[in-house]
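What follows is one structure encoded as structure tokens, with my remarks underneath.
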Amino acid sequence: MTANPTANFKQVNHSVRKVDAVQLALGKPSYVADFAPRDALVVKMLWSPHPHAKIVSLDVSAAEKMPGVKAVLWHGNVPRIVHCTAGQGFPEPSPYDTFMFDTKVRFVGDRVAAVAAETEEQALAALAKIQVKYELLKPVFSIDEAMADGAPIIHDEPEAHVPIPIPYEPKKNLVAKVGCEAGDFEKGMKEADFTFDDVYETPYAQHCPIEPYVSLAHVDSSGRIFITTSTQVPFHCRRIVAQTLGLPVQKIRVIKPRIGGGFGSKQEILLEDVVALFALRTGRPCLWQFNREENFRTGRTRHPIRVRIRAGIKKDGTITAIGMDCWNNTGAYGGHGLTVVSCCGSKVLPLYRCDNIHFDGKVYYTNLPVGGAYRGFGATQAFFAMESTMDKMAEAIGMDPLKLRQLNHIKSGEGSPIFAALGEGKEGVPMTVGSCALGECITKGAAEIGWDKRTDWRAKTGRYRRGIGMACLMQGSSIPHIDMGGASIKLNEDGSFNLLVGATDLGTGSDTVLAQIAAEELCTATDKMIVYSSDTDMTPFDVGAYASSTTYLSGEAARKAAADAKRQILHTGAEMLNLPEDQCVCKDAHVQSKDGKKSVSYSDISCYSLYSKNQYQIIGTASHITQKSPPPFAAHFAEIEVDTWTGNVKVLKYVSTIDCGTAINPALCEGQTEGGTLNGISYALTEQYLFRNGRMTNASFTDYHIFSMRDVPPIKAIIVPSFEDTGPFGAKSVSEICINGPAPVFGNAIYNATGARLNEFPFTPEKVLNAIRAVKK
Amino acid sequence: MKKNPNTVSFTLNGERKTFITEPNEKLLALLRREGYKGTKFGCGQGTCGACTVLMDGRAIYSCLLFAMQAEGRDVRTIESVGTHEKPSEFQQELIDGAAVQCGFCIPGMIMSAEALMKAEDVYPDDVVREYMDGNLCRCTGYEKIWGALRRVLDRREEGREQSSESRSDPKA
């Protein structure tokens, strides 16, 4: 590695303009619903009002006769094919426990029957005419109830199974279990001077993209079904819709236009099968968009997880043992259950050196909303427990919590037994950490927040008490040996390129990032790239936007495809210059002789290759899989002020440092960091699902508060560069990690302000006040 | 008196228009079916601001308003603000300032900012926050949107100070 490998970059590591910024700022038609033709039918769903019930009878005949109604779908007239709605690799590490429509409902918001009508009003009127008789079953509303002997069985259908050899016991409501041991955990606990055993609870949350779930389908003149949909996983979507409807993949095309945010929620196939079948049955285009209430109730959520941490530490700061037991409530269906709980361990436990580690994760069904992928993916939940424990351990041995982290965090060249032990549905991949600038993240963040002025809570008096807290974090970049991304790039007459990627820009800016990477490799400008993502008919395969993989995995695919095109450009350029290829180089969109005296532009090379002699299309194609999942690192800090009369927590300043390797686009990296951090802040302080008999009672932005421009505290994002040798131009991931910080940071800051330690959040005034009242000085 | 009770007439982006509608149709639904797709459906509950348009210069949630309520009014949508060749000042700052992530909230944000700039002469932070509070964004953390807007507003305030200084010069 050279002293500064980023110094010569012309395209990457620059904040070039986002490729779709202008069309979006102008409000040009870009998103799924914008493409609905005027004659599109409107789809509406009758949702289960019960958390757990058998459908004894269902009569749609009156609904079918209602004005404007073109078709009704229910369990009596659709294929009964068991599948999984989670958009993951195939075969999925999740149970097949879902039918398009079933004779049983398992949560408030489960599908009962759907109507496609000329107008929304007609569809709603028809829904009201559907006659359903339910036999109510005893619901299961907590992990404890789900685990209990004799608990009601939520998935008693004989078809339920898991397509890979992993534990699955639906008769016990057990969706999955996973675990690993390193060293001797019990021995480690005995060697400790201080031991800890605490249970932490993390709440439900919804991703709240401003664009709710939305899908549009029509039958093309060729007879194929075209689905335009707001998805993070177009290729998984095609496969799962084909599976669900019993159709060949060939029959389906999935198009992802611009997406109005996803954050994991759209890594799920929740609407596409229905619009596709309606389109097929009616011959009409069909549009289905969730309203906000449906987005909360039926949309996927963050799995609430109970995390028990047992840990031991010596007086000198050596961590002798860490044990983590997780109980994951996946709700009514099991998608992502195993992988989320695996990431509780795999994305958290390697952060600190420890020889004796125990990890156990279990996933249970309940009759509550369904967990799915959500930015942070298990790490968010487990870091709350882990980083709270780090502060407790530091206090026990009388060490600055910042110093304890510095003493123990993983560094470049070090490995962890966890990397090899925990994968996603199978064992992980052994790995040593390459790039790691966590040390610098800690020192820069500490300086920015003013860590030196932090004082003990016991010295604080008065109504308003300030506190400073911190947390260290890691995540991954892609799922090694599982995820694959593909890219193609072709040269046009004017020297522009079509960059076709399966990777799925859902608002993150990945189209721009991939264009920068391709342009850097091709020695041309980013604005020469026409990016198209993603379309199952047009672009190469990519697993999609998840697991912090797009920059690291799909970015390398784009770089390799660009390198392939560059070889061809060099070949033809050399032919035009009458020079051997090894005497030529690419520079500034030209092929030139090494001495710079002769040169020919990419535009001329393209015209020559297309029209003049030895004609061919200059086109590069590549795929990439990763051998490792290099963690990005972060240190987060906040100063807060607690009102000890009301329990209100005011955030005075939040500092979010990030080591994401080379920031391909620093401004977009900051945007990811600021946005993810704010999402984490409102998750920690205000977001929660309130239930009555399994029904979410606060399904609106009025009652489920996400932060607005008035609420947002000052957030300082600091990018701390490192260089990841295995990533495209030194990059690793950025998007997920930043959401993990606020809950543990605020938990630690509230303790530092008041002496109250909260093991569950959101830190609402009520909870904080109760905790303060319980503090004894 | 209108001849046909199932029509609504209003000025849309400067042009007088008449649309057939139903008494229960929302303004957002009418606009979108008539091709004004820049105005977004985000919640239908009047809480996210993605459907913000101007009515007689004030920012309103078009998902809550019945189309009939626009009768005789002056409605402006994002389609009236900026073009590829000439984006508005705020649009340009959003584009250059990496403030557009998924972009779904952006048209609403821009319309709220338009209302702000129409109604106010000075732009203290708390007033700006009040105007922008009704537009939720889940991607950006607002930092870059805020920065872009602040740059526009600061320039306008500066411009006004200078022009008022130059106006007062002859009197002196």
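Scheme for the structure tokens: letters A, B, ... for chains in order shown; per-chain residue numbers from 1; ligand numbers from 1 in order shown.
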So that I can check the secondary structure, give me every residue of stretch 208-390 of chain A assigned strand (DSSP E) by backbone DSSP, as a ChimeraX atom specification. /A:214-219,225-229,252-255,286-289,301-302,305-313,319-331,357-365,371-372
For the selection you just gave me, I'd like the residues written to a file as a short mmCIF file (atom, residue, chain, number, x, y, z; two decimals), in the first residue's frame, keeping N, CA and C atoms.
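Contents of the output file again-v9.cif:
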```
data_model
loop_
_atom_site.label_atom_id
_atom_site.label_comp_id
_atom_site.auth_asym_id
_atom_site.auth_seq_id
_atom_site.Cartn_x
_atom_site.Cartn_y
_atom_site.Cartn_z
N VAL A 214 -45.17 -0.29 -2.84
CA VAL A 214 -46.02 -0.07 -4.01
C VAL A 214 -45.54 -0.95 -5.16
N SER A 215 -46.51 -1.57 -5.86
CA SER A 215 -46.19 -2.42 -7.01
C SER A 215 -47.22 -2.23 -8.10
N LEU A 216 -46.74 -2.36 -9.32
CA LEU A 216 -47.57 -2.17 -10.52
C LEU A 216 -47.26 -3.32 -11.46
N ALA A 217 -48.30 -3.94 -12.03
CA ALA A 217 -48.04 -5.03 -12.98
C ALA A 217 -48.95 -4.91 -14.18
N HIS A 218 -48.44 -5.34 -15.31
CA HIS A 218 -49.30 -5.48 -16.47
C HIS A 218 -48.80 -6.66 -17.31
N VAL A 219 -49.69 -7.15 -18.17
CA VAL A 219 -49.29 -8.23 -19.06
C VAL A 219 -48.87 -7.60 -20.38
N ILE A 225 -45.50 -11.15 -17.86
CA ILE A 225 -45.92 -10.22 -16.81
C ILE A 225 -44.77 -9.27 -16.50
N PHE A 226 -45.03 -7.98 -16.65
CA PHE A 226 -44.04 -6.97 -16.29
C PHE A 226 -44.44 -6.38 -14.93
N ILE A 227 -43.54 -6.46 -13.96
CA ILE A 227 -43.82 -5.92 -12.64
C ILE A 227 -42.86 -4.77 -12.37
N THR A 228 -43.41 -3.58 -12.20
CA THR A 228 -42.61 -2.42 -11.79
C THR A 228 -42.84 -2.26 -10.30
N THR A 229 -41.79 -2.31 -9.52
CA THR A 229 -42.02 -2.42 -8.08
C THR A 229 -40.93 -1.75 -7.27
N ILE A 252 -41.66 -13.70 -16.30
CA ILE A 252 -41.75 -12.50 -15.46
C ILE A 252 -40.58 -11.56 -15.69
N ARG A 253 -40.89 -10.29 -15.78
CA ARG A 253 -39.86 -9.25 -15.81
C ARG A 253 -40.11 -8.31 -14.64
N VAL A 254 -39.08 -8.06 -13.86
CA VAL A 254 -39.20 -7.13 -12.74
C VAL A 254 -38.34 -5.91 -13.02
N ILE A 255 -38.97 -4.75 -12.92
CA ILE A 255 -38.29 -3.47 -13.17
C ILE A 255 -38.28 -2.67 -11.88
N CYS A 286 -52.42 -3.26 -13.02
CA CYS A 286 -52.93 -3.22 -11.64
C CYS A 286 -51.91 -2.54 -10.74
N LEU A 287 -52.39 -1.59 -9.96
CA LEU A 287 -51.52 -0.86 -9.03
C LEU A 287 -51.97 -1.12 -7.61
N TRP A 288 -51.00 -1.44 -6.76
CA TRP A 288 -51.31 -1.60 -5.34
C TRP A 288 -50.30 -0.81 -4.55
N GLN A 289 -50.78 0.19 -3.82
CA GLN A 289 -49.87 0.87 -2.90
C GLN A 289 -50.43 0.83 -1.49
N THR A 301 -40.86 -5.16 9.91
CA THR A 301 -40.46 -4.35 11.07
C THR A 301 -39.06 -4.78 11.52
N ARG A 302 -38.54 -4.05 12.49
CA ARG A 302 -37.32 -4.54 13.14
C ARG A 302 -37.69 -5.58 14.18
N ILE A 305 -35.74 -7.95 20.04
CA ILE A 305 -34.86 -9.02 20.53
C ILE A 305 -34.53 -8.80 21.99
N ARG A 306 -34.60 -9.88 22.74
CA ARG A 306 -34.13 -9.87 24.13
C ARG A 306 -32.69 -10.38 24.12
N VAL A 307 -31.80 -9.61 24.69
CA VAL A 307 -30.39 -9.98 24.70
C VAL A 307 -29.90 -10.09 26.14
N ARG A 308 -29.45 -11.28 26.50
CA ARG A 308 -28.83 -11.44 27.81
C ARG A 308 -27.32 -11.46 27.61
N ILE A 309 -26.65 -10.59 28.36
CA ILE A 309 -25.19 -10.55 28.27
C ILE A 309 -24.61 -10.99 29.60
N ARG A 310 -23.74 -11.98 29.52
CA ARG A 310 -22.92 -12.34 30.69
C ARG A 310 -21.48 -12.03 30.31
N ALA A 311 -20.79 -11.36 31.18
CA ALA A 311 -19.43 -10.98 30.83
C ALA A 311 -18.56 -10.93 32.07
N GLY A 312 -17.27 -11.15 31.86
CA GLY A 312 -16.32 -11.09 32.97
C GLY A 312 -15.13 -10.22 32.58
N ILE A 313 -14.63 -9.48 33.56
CA ILE A 313 -13.49 -8.60 33.28
C ILE A 313 -12.52 -8.62 34.45
N ILE A 319 -10.92 -8.50 29.11
CA ILE A 319 -12.25 -9.13 29.09
C ILE A 319 -12.05 -10.64 29.03
N THR A 320 -12.47 -11.34 30.05
CA THR A 320 -12.18 -12.78 30.16
C THR A 320 -13.29 -13.64 29.56
N ALA A 321 -14.48 -13.09 29.46
CA ALA A 321 -15.59 -13.89 28.91
C ALA A 321 -16.71 -12.97 28.43
N ILE A 322 -17.30 -13.34 27.30
CA ILE A 322 -18.53 -12.68 26.86
C ILE A 322 -19.52 -13.77 26.43
N GLY A 323 -20.68 -13.74 27.04
CA GLY A 323 -21.74 -14.66 26.64
C GLY A 323 -22.94 -13.85 26.18
N MET A 324 -23.47 -14.22 25.02
CA MET A 324 -24.64 -13.49 24.52
C MET A 324 -25.73 -14.50 24.16
N ASP A 325 -26.86 -14.37 24.81
CA ASP A 325 -28.02 -15.19 24.47
C ASP A 325 -29.11 -14.29 23.94
N CYS A 326 -29.63 -14.62 22.76
CA CYS A 326 -30.63 -13.76 22.12
C CYS A 326 -31.92 -14.53 21.89
N TRP A 327 -33.02 -13.88 22.16
CA TRP A 327 -34.34 -14.43 21.84
C TRP A 327 -35.01 -13.45 20.89
N ASN A 328 -35.25 -13.91 19.69
CA ASN A 328 -35.72 -13.04 18.62
C ASN A 328 -37.19 -13.32 18.35
N ASN A 329 -38.02 -12.30 18.49
CA ASN A 329 -39.44 -12.40 18.15
C ASN A 329 -39.60 -12.04 16.68
N THR A 330 -39.88 -13.04 15.84
CA THR A 330 -39.99 -12.77 14.41
C THR A 330 -41.42 -12.49 13.96
N GLY A 331 -42.34 -12.52 14.93
CA GLY A 331 -43.74 -12.28 14.55
C GLY A 331 -44.34 -13.49 13.86
N ILE A 357 -15.86 -17.12 24.45
CA ILE A 357 -17.11 -16.54 23.97
C ILE A 357 -18.19 -17.61 23.86
N HIS A 358 -19.37 -17.24 24.30
CA HIS A 358 -20.54 -18.10 24.13
C HIS A 358 -21.59 -17.31 23.37
N PHE A 359 -22.19 -17.93 22.37
CA PHE A 359 -23.29 -17.26 21.69
C PHE A 359 -24.41 -18.25 21.45
N ASP A 360 -25.62 -17.79 21.71
CA ASP A 360 -26.79 -18.63 21.44
C ASP A 360 -27.93 -17.73 20.97
N GLY A 361 -28.52 -18.07 19.85
CA GLY A 361 -29.65 -17.29 19.35
C GLY A 361 -30.83 -18.19 19.05
N LYS A 362 -31.99 -17.76 19.48
CA LYS A 362 -33.21 -18.52 19.18
C LYS A 362 -34.25 -17.56 18.61
N VAL A 363 -35.05 -18.09 17.71
CA VAL A 363 -36.05 -17.26 17.03
C VAL A 363 -37.42 -17.90 17.21
N TYR A 364 -38.39 -17.10 17.63
CA TYR A 364 -39.73 -17.64 17.88
C TYR A 364 -40.80 -16.90 17.10
N TYR A 365 -41.80 -17.67 16.70
CA TYR A 365 -43.01 -17.07 16.14
C TYR A 365 -43.87 -16.47 17.25
N GLY A 371 -41.22 -9.46 11.62
CA GLY A 371 -39.88 -8.90 11.51
C GLY A 371 -39.31 -9.14 10.13
N GLY A 372 -38.40 -8.29 9.75
CA GLY A 372 -37.74 -8.45 8.46
C GLY A 372 -36.34 -7.89 8.53
#
```
Closest-contact table, stretch 674-771 of chain A side, partner stretch 89-113 of chain B, 12 Å, counting only C-alpha atoms, as a Markdown table:
```
| residue | atom | partner | partner_atom | distance |
| --- | --- | --- | --- | --- |
| A:Glu674 | CA | B:Ala99 | CA | 11.1 |
| A:Gly675 | CA | B:Gln101 | CA | 9.6 |
| A:Ser708 | CA | B:Met109 | CA | 11.6 |
| A:Met709 | CA | B:Met109 | CA | 10.6 |
```
Proximal residues of chain A relative to chain B (only C-alpha atoms; 7 Å) as a PyMOL selection string: chain A and resi 17-18+21-22+24-29+34+38+208-212+259-261+291-292+506-509+667-668+671-672+674-675+678-679+701-702+708-710
Using DSSP on the backbone, list every residue of chain B that comes out as alpha helix (DSSP H), and give them as a VMD selection string. chain B and resid 27 to 33 89 to 96 106 to 119 125 to 132 143 to 168
Set the distance at 8 Å and use only C-alpha atoms: which residues neighbour stretch 540-550 of chain A once local chain neighbours fewer than 6 positions away are removed? I'd like the list as JSON, numbers by chain. {"A": [88, 89, 232, 233, 234, 235, 236, 264, 267, 476, 477, 478, 479, 483, 484, 485, 486, 487, 488, 500, 501, 502, 503, 504, 505, 506, 510, 733, 734, 735, 736]}
